[in-house]
Amino acid sequence: MVSTLLKLQTYLEKIKKEDKKINAFLQLNPEAIAKAKEIDAKIKLGKAGKLAGEIISVKSNINVLGLNASCASKTLENYKSTYDADVIKKIKTEDGLIIGMTNMDEFASGSSGETSAFGPTRNPNNLELIPGGTSSGSAASVAADFCDLSLGSDTGGSSRNPASHCGIVGLKPTYSSVSRYGLIDSSMSLDQIGVLGKDVSSVAKLFNIIKGRTKNDSITQESRDIDFKKIEEVPKKLNLGLLDFEINDKKIQAIVDGRVMNAKKKYGWNVKKIKMNYLDLALEAYYIIVYVEFFSGTRRFDGRRYGLSIDENSGPEVMRRILGGSEISKAEHHGRYYHQALKVMKLIEKEFEKIFKDFDCLILPTVPKLPHKIGEKISVEEMYQYDVLTVLANLAGNCAISIPAGKINGIPIGMQIICDKFQEQKLFQIARSFEKL
Amino acid sequence: MANDFLFHRVSEKEIEQIKKESGVLLKKFSNRISKIPENLGEHSVERDEFSREEILIHKEDSLPFNRDPSRVIHKNNLSLPRTRSPTQEKKVESKDVHEGKEALKEKEDFRKRIFENAPNKNKDFIIAEKKKW
């Protein structure tokens, strides 16, 4: 077995050679080598935790004691975390090794990985293209083989979207299944810490460690441990719902349809196309909620206690959300836009409840279009379209995963599987079955 | 309108432009979602059950109070029962001192980091306001 230290050194060497082009990392952990030695000593003694040997990168909006949680912004450029987020504590307890902090869209505002104040992250599959966002560096760090796993966040697809563009696995756990204490929030009603990895099993392994109730995040709930043996079993009877929704890029839909049909043929699963009400309102409701909550959440970045003033140091996308959020939360509107958006959120949740009475999961493309070139000018609505199929699971609070489904001209395409709340076991089992096809 | 999403400093002129554009976009979004049925009630606080079962976090907390020997208080003296020998007590005491030192160091480190992050400070205070009221 390769030692943690050797594995770390190999990754660090690769980062040194290749990350200048990709820009996945904002900071490397200066204590990583010492920690790797400690972990190896524990392994020798047979006292190591469940994550010993796993090398993990962390999105820069999650607090890791002593490292920079800059949110890829000039506002928090020099901010050093004063504590460990709950998920980091759990990883450290199980001897996972934090290799460094990854690049991201500034304050998790964006869908492409371009809005970082420290330069865009590039897609390891094609350096001219966006890697997707907002966990751009997390996805790129896994895809470029700079680490084993990564922690991201997922407010409207921020773990699944870059996982799809980079050809890796990205998980958005059920809302409230993972503590967000120590995550610098983007939109509290929707935020969730996500996991990105090279395959379903490793993602499941990290999820199993970080999940569960903690006293610091009052909404967290306990859930059953993942049964790793069961993940390897292909479910015999399964009702798959294939979302009937027209996307512009027919090739993407064809790849996803092809995978589903293969599974139907090989495993004998039932497949039925299903339509979903209120789908056309999801993106609009999502962005209204995000704008309002983002504006509210960022008022603490006033340059007094830490960092600089966000209003004076941010890029255009962050400013758009602050200015837009400020406008629609004005007292004169009596919260009607936000309130209406919350109603849509509830309607979508109810739609999913109906679907999961008859189906085990819903399958759809992760992203409806191919990634654009870095720096290419597109409209705001075109940018937001990247999220149209991922926001659904955030609005409903369900768990969802993106797995590689194929390629178009060498560009990876992701397939999304959504399951009911706290059904991660089933989600991993279905995803793993697709992986085996 | 096509936008540049790459990070750049936003000028006053661009701020005005963004403000105008985001207003138009959000109005469009709001109009679209205004068509949903109105009689949904206060959905944001609506739950099927209004309370959920609290799960205890720590194993030691899940022990009923009167079964945990270290927590039993004797009726007569209202003090914790002595369950350790004098030698054991000494060891525990030195461990406590050690842990106390660690806790103190942690506090100092925390204070240091908080102060490092603050843009305006003097020796003992973070200066949050300076004639800005």
# chains A, B, ... in the order shown; residues from 1 in each chain; ligands from 1
>>> interface_residues(of="chain A", to="chain B", cutoff="6 Å", atoms="only C-alpha atoms", output="list of chain:residue names")
A:Tyr79, A:Thr82, A:Glu114, A:Thr115, A:Ala117, A:Glu284, A:Arg304, A:Arg305, A:Tyr306, A:Gly315, A:Arg320, A:Leu323, A:Gly324, A:Lys377, A:Ile378, A:Ser379
>>> residues_around(residues="A:Arg300", least_positions_apart="3", cutoff="12 Å", atoms="only C-alpha atoms", output="PyMOL selection string")
(chain A and resi 75-76+184-185+294-297+303-311) or (chain B and resi 128)
>>> residues_around(residues="A:Lys275", least_positions_apart="5", cutoff="12 Å", atoms="only C-alpha atoms", output="list in words")
Gly241, Leu242, Leu243, Asp244, Phe245, Glu246, Asp280, Glu351, Phe352, Lys354, Ile355, Leu362, Ile363 and Leu364 of chain A
>>> select_by_dssp(residues="stretch 167-379 of chain A", states="strand (DSSP E)", output="list in words")
Val169, Gly170, Leu171, Lys172, Ile193, Gly194, Val195, Leu196, Gly197, Asn239, Leu240, Gly241, Leu242, Leu243, Asn270, Val271, Lys272, Lys273, Ile274, Cys361, Leu362, Ile363, Leu364, Pro365, Ile378 and Ser379 of chain A
